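K.L.:
Supplied structure: coords.txt, compact mmCIF, C-alpha atoms and all ligand atoms.
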# COMPACT_ATOMS: atom_id res chain seq x y z
CA MET V 1 55.80 62.43 109.56
CA VAL V 2 56.94 59.88 112.12
CA SER V 3 57.18 56.16 111.61
CA PHE V 4 59.17 53.35 113.19
CA GLY V 5 61.26 53.19 110.03
CA THR V 6 62.49 50.33 107.91
CA THR V 7 65.75 49.11 106.43
CA VAL V 8 63.87 47.12 103.78
CA ALA V 9 63.86 49.14 100.55
CA SER V 10 60.46 47.83 99.40
CA GLY V 11 59.03 48.62 102.86
CA ARG V 12 59.76 52.26 102.21
CA LEU V 13 56.94 52.23 99.62
CA ALA V 14 54.31 52.42 102.39
CA ILE V 15 56.01 55.40 104.04
CA ASP V 16 56.34 57.17 100.68
CA THR V 17 52.68 56.49 99.85
CA LEU V 18 51.53 58.05 103.14
CA PHE V 19 53.97 60.92 102.61
CA LYS V 20 52.26 61.71 99.29
CA VAL V 21 48.86 61.61 101.01
CA ILE V 22 49.93 64.30 103.49
CA GLU V 23 51.69 66.25 100.74
CA ALA V 24 48.41 66.39 98.82
CA GLU V 25 46.68 67.75 101.95
CA CYS V 26 49.08 70.66 102.32
CA PRO V 27 51.13 71.19 99.13
CA ASP V 28 52.39 74.55 100.37
CA ARG V 29 54.12 73.17 103.46
CA GLU V 30 57.37 71.41 104.12
CA ILE V 31 57.13 67.78 105.21
CA ARG V 32 59.98 65.99 106.93
CA ILE V 33 60.35 62.34 107.79
CA ALA V 34 61.53 61.05 111.17
CA TYR V 35 62.11 57.46 112.32
CA THR V 36 61.67 56.41 115.94
CA SER V 37 63.90 53.32 115.71
CA ASN V 38 67.46 54.11 116.79
CA ILE V 39 68.82 50.93 115.24
CA ILE V 40 67.20 51.55 111.85
CA ARG V 41 68.25 55.21 111.78
CA ARG V 42 71.85 54.45 112.67
CA LYS V 43 72.03 51.74 110.06
CA LEU V 44 70.52 53.93 107.31
CA ASN V 45 72.47 57.03 108.27
CA LYS V 46 75.70 55.09 108.04
CA SER V 47 74.93 54.08 104.45
CA GLU V 48 73.07 57.21 103.34
CA GLY V 49 75.08 59.83 105.14
CA GLY V 50 72.85 60.93 108.03
CA THR V 51 69.62 61.89 106.32
CA ILE V 52 66.95 60.61 108.71
CA ASP V 53 66.40 62.20 112.13
CA SER V 54 64.70 61.02 115.30
CA PRO V 55 61.50 62.97 116.12
CA GLN V 56 63.41 64.84 118.82
CA ILE V 57 66.17 66.03 116.49
CA ALA V 58 63.69 66.77 113.70
CA LEU V 59 61.68 69.06 116.02
CA ALA V 60 64.80 70.78 117.37
CA LYS V 61 66.05 71.46 113.83
CA MET V 62 62.66 72.83 112.76
CA ARG V 63 62.48 75.20 115.73
CA ASP V 64 66.07 76.27 115.10
CA GLN V 65 65.21 76.99 111.48
CA GLY V 66 62.31 79.22 112.45
CA PHE V 67 59.26 76.96 112.09
CA SER V 68 56.54 77.97 114.57
CA HIS V 69 53.61 75.64 113.70
CA VAL V 70 54.14 71.90 113.42
CA THR V 71 51.68 69.04 112.92
CA VAL V 72 53.22 65.70 113.81
CA VAL V 73 51.77 62.89 111.69
CA SER V 74 52.09 59.56 113.48
CA THR V 75 51.83 56.40 111.38
CA HIS V 76 51.46 54.07 114.37
CA ILE V 77 48.58 51.59 114.41
CA ILE V 78 47.98 51.23 118.15
CA PRO V 79 48.61 53.75 120.96
CA GLY V 80 51.33 51.51 122.38
CA LYS V 81 54.84 52.11 123.67
CA GLU V 82 56.23 53.70 120.48
CA TYR V 83 53.28 56.09 120.21
CA GLY V 84 53.42 56.83 123.96
CA ASP V 85 57.07 57.80 123.75
CA LEU V 86 56.29 60.12 120.87
CA GLN V 87 53.44 61.64 122.89
CA GLU V 88 55.84 62.27 125.79
CA LEU V 89 58.22 64.07 123.45
CA ILE V 90 55.43 66.24 122.04
CA ARG V 91 54.11 67.07 125.53
CA GLY V 92 57.57 68.00 126.77
CA THR V 93 58.39 70.06 123.70
CA ASP V 94 55.01 71.79 123.83
CA ALA V 95 55.63 72.77 127.48
CA VAL V 96 58.53 74.94 126.35
CA THR V 97 57.43 78.54 125.84
CA GLY V 98 59.40 81.51 124.60
CA LYS V 99 62.23 81.50 122.12
CA TYR V 100 62.74 77.71 122.08
CA GLY V 101 59.07 76.71 121.95
CA PHE V 102 56.62 76.32 119.07
CA SER V 103 53.48 78.45 118.78
CA ARG V 104 51.51 75.34 117.92
CA LEU V 105 52.55 71.71 118.08
CA VAL V 106 49.99 68.93 117.58
CA LEU V 107 50.11 65.17 117.19
CA LEU V 108 47.74 62.94 115.21
CA GLU V 109 46.06 60.00 116.90
CA PRO V 110 47.23 56.52 115.87
CA PHE V 111 45.15 54.59 113.31
CA LEU V 112 43.26 52.51 115.90
CA TYR V 113 42.14 54.93 118.57
CA ARG V 114 38.41 55.64 118.39
CA GLN V 115 35.52 53.27 117.76
CA ASP V 116 35.05 54.90 114.33
CA ASP V 117 38.64 54.06 113.47
CA PHE V 118 38.06 50.37 114.11
CA GLU V 119 34.94 50.45 111.94
CA ARG V 120 36.82 52.11 109.07
CA PHE V 121 39.74 49.72 109.52
CA VAL V 122 37.47 46.67 109.34
CA ARG V 123 35.86 47.99 106.14
CA GLY V 124 39.32 48.58 104.68
CA LEU V 125 40.54 45.08 105.49
CA GLN V 126 37.41 43.68 103.87
CA GLU V 127 37.97 45.86 100.79
CA SER V 128 41.55 44.66 100.46
CA TYR V 129 41.33 41.01 101.52
CA GLY V 130 37.68 40.08 102.04
CA GLU V 131 36.30 38.93 98.73
CA SER V 132 37.68 35.74 97.28
CA GLY V 133 34.55 33.68 96.66
CA ASP V 134 36.53 30.80 98.14
CA ALA V 135 34.81 29.20 101.14
CA HIS V 136 37.95 27.28 102.07
CA ARG V 137 40.23 30.27 102.33
CA ALA V 138 41.10 32.18 105.52
CA VAL V 139 42.91 35.51 105.78
CA VAL V 140 45.56 35.55 108.50
CA LEU V 141 46.78 39.02 109.42
CA MET V 142 50.07 39.50 111.23
CA GLY V 143 50.04 42.49 113.57
CA HIS V 144 53.15 43.66 115.38
CA GLY V 145 51.82 43.32 118.91
CA SER V 146 53.17 44.65 122.16
CA TYR V 147 53.49 43.92 125.88
CA HIS V 148 51.63 47.26 126.32
CA PHE V 149 47.90 47.14 127.25
CA ALA V 150 47.07 48.86 123.94
CA ASN V 151 47.77 45.44 122.43
CA ALA V 152 44.11 44.69 123.30
CA ALA V 153 43.25 46.66 120.14
CA TYR V 154 44.01 43.50 118.13
CA SER V 155 41.37 41.53 120.06
CA GLN V 156 38.84 44.32 119.52
CA LEU V 157 39.67 44.25 115.83
CA GLN V 158 39.11 40.47 115.75
CA ILE V 159 35.73 40.78 117.48
CA MET V 160 34.63 43.48 115.05
CA LEU V 161 35.88 41.52 112.02
CA ASP V 162 33.97 38.45 113.25
CA ARG V 163 30.73 40.41 113.09
CA GLU V 164 31.27 41.10 109.39
CA ASP V 165 33.29 38.22 108.05
CA ASP V 166 34.32 34.96 109.73
CA ARG V 167 37.33 34.42 107.46
CA PHE V 168 39.74 36.80 109.18
CA VAL V 169 42.19 35.66 111.85
CA ILE V 170 44.48 38.11 113.61
CA GLY V 171 47.75 37.23 115.28
CA THR V 172 50.79 39.21 116.38
CA VAL V 173 54.56 38.73 116.38
CA GLU V 174 55.27 40.17 119.80
CA GLY V 175 51.95 40.18 121.70
CA MET V 176 48.57 38.44 121.76
CA PRO V 177 46.92 36.70 119.98
CA THR V 178 49.93 34.48 119.30
CA LEU V 179 50.58 32.25 116.29
CA ASP V 180 49.33 29.29 118.36
CA ASP V 181 46.05 31.15 118.90
CA VAL V 182 45.87 31.65 115.14
CA ARG V 183 46.52 27.95 114.47
CA ARG V 184 43.86 26.90 116.97
CA ARG V 185 41.34 29.18 115.30
CA LEU V 186 42.25 27.93 111.84
CA ARG V 187 41.70 24.32 112.95
CA SER V 188 38.13 25.19 113.93
CA MET V 189 37.45 26.81 110.54
CA LYS V 190 37.83 23.89 108.12
CA VAL V 191 39.88 25.92 105.63
CA THR V 192 42.62 24.62 103.34
CA ARG V 193 44.00 27.87 101.93
CA VAL V 194 45.46 30.80 103.84
CA THR V 195 46.23 34.29 102.61
CA LEU V 196 48.89 35.71 104.91
CA ALA V 197 49.22 39.50 105.08
CA PRO V 198 50.85 42.03 107.39
CA CYS V 199 48.60 44.10 109.66
CA MET V 200 51.47 46.59 109.85
CA VAL V 201 51.92 49.89 108.04
CA VAL V 202 55.20 48.76 106.52
CA ALA V 203 55.90 45.36 104.99
CA GLY V 204 59.41 45.29 106.41
CA ASP V 205 61.60 42.83 108.24
CA HIS V 206 58.75 41.16 110.19
CA ALA V 207 56.66 40.66 107.04
CA MET V 208 59.58 39.46 104.89
CA ASN V 209 61.13 37.13 107.45
CA ASP V 210 58.84 36.29 110.41
CA MET V 211 55.74 36.12 108.22
CA ALA V 212 56.66 35.10 104.68
CA GLY V 213 60.23 33.83 105.15
CA PHE V 214 61.44 30.30 104.38
CA ASP V 215 63.03 29.69 107.78
CA ASP V 216 61.68 26.87 109.98
CA ASP V 217 59.97 29.27 112.37
CA SER V 218 58.26 31.67 109.96
CA TRP V 219 54.45 31.80 109.98
CA ALA V 220 54.33 30.68 106.34
CA THR V 221 56.50 27.62 107.07
CA ILE V 222 54.59 26.65 110.21
CA LEU V 223 51.20 27.01 108.53
CA ARG V 224 52.41 25.01 105.52
CA ARG V 225 53.60 22.31 107.89
CA ASP V 226 50.08 22.35 109.38
CA GLY V 227 48.84 21.47 105.90
CA TYR V 228 47.58 24.76 104.51
CA ASP V 229 48.22 26.13 101.06
CA VAL V 230 49.74 29.46 102.11
CA ASN V 231 49.81 32.58 99.97
CA PRO V 232 51.85 35.39 101.58
CA VAL V 233 51.11 38.97 100.52
CA LEU V 234 53.90 41.50 101.03
CA THR V 235 51.86 44.68 101.01
CA GLY V 236 52.16 47.05 103.95
CA LEU V 237 48.86 48.58 105.07
CA GLY V 238 50.34 52.00 104.32
CA GLU V 239 50.29 51.15 100.62
CA LEU V 240 46.50 50.66 100.63
CA PRO V 241 44.32 53.63 99.61
CA TRP V 242 41.90 53.34 102.54
CA MET V 243 44.79 53.73 105.00
CA GLY V 244 45.79 56.91 103.18
CA GLU V 245 42.21 58.16 103.47
CA MET V 246 42.21 57.41 107.21
CA LEU V 247 45.46 59.32 107.67
CA ALA V 248 44.24 62.28 105.63
CA GLN V 249 41.09 62.43 107.76
CA LYS V 250 43.08 62.37 110.98
CA PHE V 251 45.36 65.04 109.58
CA ARG V 252 42.45 67.35 108.68
CA PHE V 253 40.95 66.79 112.12
CA VAL V 254 43.92 68.19 114.08
CA ASP V 255 45.20 70.53 111.41
CA ASP V 256 41.84 72.32 111.06
CA GLU V 257 41.71 73.22 114.76
CA VAL V 258 44.02 76.19 114.11
CO CO G 301 59.33 44.46 115.88
Written as structure tokens, how would this file's structure read?
P.N.:
Amino acid sequence: MVSFGTTVASGRLAIDTLFKVIEAECPDREIRIAYTSNIIRRKLNKSEGGTIDSPQIALAKMRDQGFSHVTVVSTHIIPGKEYGDLQELIRGTDAVTGKYGFSRLVLLEPFLYRQDDFERFVRGLQESYGESGDAHRAVVLMGHGSYHFANAAYSQLQIMLDREDDRFVIGTVEGMPTLDDVRRRLRSMKVTRVTLAPCMVVAGDHAMNDMAGFDDDSWATILRRDGYDVNPVLTGLGELPWMGEMLAQKFRFVDDEV
């Protein structure tokens, strides 16, 4: 099971929740965790004694230990750079035949890949954050965002949310829409209260600091300065049951092809 990783202890809850989802799908199989972030892995391995591998090392170890069939569970939201790099690794590894290759190596799609995924995702966000009965409250979701073209997934998500519920506003830390786009949209909505939640699997460093932090440049601070009553929620999407259901479905889809 591959994720970006997190150094925030409470952020690990989302990864552990999704781990249990996959464990329930195949209780007879071994599940290993790999982090794609070099910085996070090096930091954790220094303090925990080298327990978390990169996907590359995890696969090499598994082949070396005699595993022949591997399903790689990605916990990425968009098919961006991180997912693309993982895909490259899987393609390259799968091209190896003979003694050093696997008999079967498959990779799950990211959460937002097919039209159905977006529909399920929108329903999930509504389940988790939609009903407040408060006409003056907006829900601002902070996605990670990317320079990669897959970042357009956030705009698609916004369009699809708009069809169902005009209270949701999506922004990203590192891509588009930006926080200024979010603020412009909020101004047109005549709301006074804002629920601020991560649109990321893990509520880690971005959620704790860039979103909910007390620094001058956090989203919570800036939105408070704009006059809103801001309520930050530090729940990673991975902790929500509907995300687990989505992952289990994606798992069954590739795993059943055997
Ligand atoms: Co980041």
K.L.:
Calculated over only C-alpha atoms and all ligand atoms, which of the candidates V:Ala58, V:Val106, V:Met142, V:Val2 has the smallest distance to ligand CO 301 (chain G)?
P.N.:
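So, comparing all the options, the nearest one is V:Met142.
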K.L.:
Around ligand CO 301 (chain G), at most 9 Å away and counting only C-alpha atoms and all ligand atoms, which residues are there? Put them as a list of chain:residue names, please.
P.N.:
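Counting only what the definition allows, namely only C-alpha atoms and all ligand atoms, the set is V:His144, V:Gly145, V:Ser146, V:Val173, V:Glu174, V:Asp205, V:His206.
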K.L.:
Give me, as a VMD selection string, all polymer residues having an atom no more than 10 Å from Val233 (chain V), counting all atoms listed in the file and skipping those fewer than 4 positions away in the same chain.
P.N.:
chain V and resid 141 195 to 198 203 207 to 208 211 to 212
K.L.:
What's the 7 Å shell around Val72 (chain V), counting only C-alpha atoms, without same-chain residues fewer than 6 positions away, as a compact mmCIF listing (two decimals) with C-alpha atoms, in the coordinates of the input?
P.N.:
# COMPACT_ATOMS: atom_id res chain seq x y z
CA MET V 1 55.80 62.43 109.56
CA VAL V 106 49.99 68.93 117.58
CA LEU V 107 50.11 65.17 117.19
CA LEU V 108 47.74 62.94 115.21
K.L.:
Which residue gives the smallest distance to Tyr147 (chain V) among V:Gly49, V:Gly213, V:Gly204, V:Gly175, with only C-alpha atoms counted?
P.N.:
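Looking only at the distances to Tyr147 (chain V), the closest residue turns out to be V:Gly175.
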K.L.:
Please list as a list in words every residue within 10 Å of Tyr100 (chain V), counting all atoms listed in the file and excluding residues in the same chain fewer than 2 positions away.
P.N.:
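Contacts, with the query itself left out: Ala60, Arg63, Asp64, Gly66, Ser68, Thr93, Asp94, Val96, Thr97, Gly98, Phe102 and Ser103 of chain V.
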K.L.:
With 9 Å as the threshold, what does the neighbourhood of (35.1, 33.6, 107.5) contain in terms of residues, counting all atoms listed in the file? Coordinates are those of the file; answer as number ranges by chain.
P.N.:
V: 130, 135-139, 162, 164-169, 189
K.L.:
Counting all atoms listed in the file, which residues in region 112-230 of chain V sit no more than 12 Å from region 248-255 of chain V? For each one, give the nearest pair of atoms and the distance in Å, sorted by chain then residue number, as a tab-separated table.
P.N.:
residue	atom	partner	partner_atom	distance
V:Leu112	CA	V:Lys250	CA	11.0
V:Tyr113	CA	V:Lys250	CA	10.7
V:Arg114	CA	V:Lys250	CA	11.0
V:Asp116	CA	V:Lys250	CA	11.5
V:Asp117	CA	V:Lys250	CA	9.7
V:Arg120	CA	V:Gln249	CA	11.2
K.L.:
Which of these, V:Thr75, V:Leu157, V:Glu127, V:Ile57, has the shortest distance to Thr17 (chain V) once you count all atoms listed in the file?
P.N.:
V:Thr75
K.L.:
Between CA of Trp242 (chain V) and CA of Thr6 (chain V), what is the distance in Å, rounded to a tenth?
P.N.:
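One can read the CA of Trp242 (chain V) to CA of Thr6 (chain V) distance as 21.5 Å.
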K.L.:
When you count only C-alpha atoms, which of these residues is closest to Leu59 (chain V): V:Leu44, V:Ile22, V:Ile77, V:Ile31?
P.N.:
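Among the listed residues, the smallest separation from Leu59 (chain V) belongs to V:Ile31.
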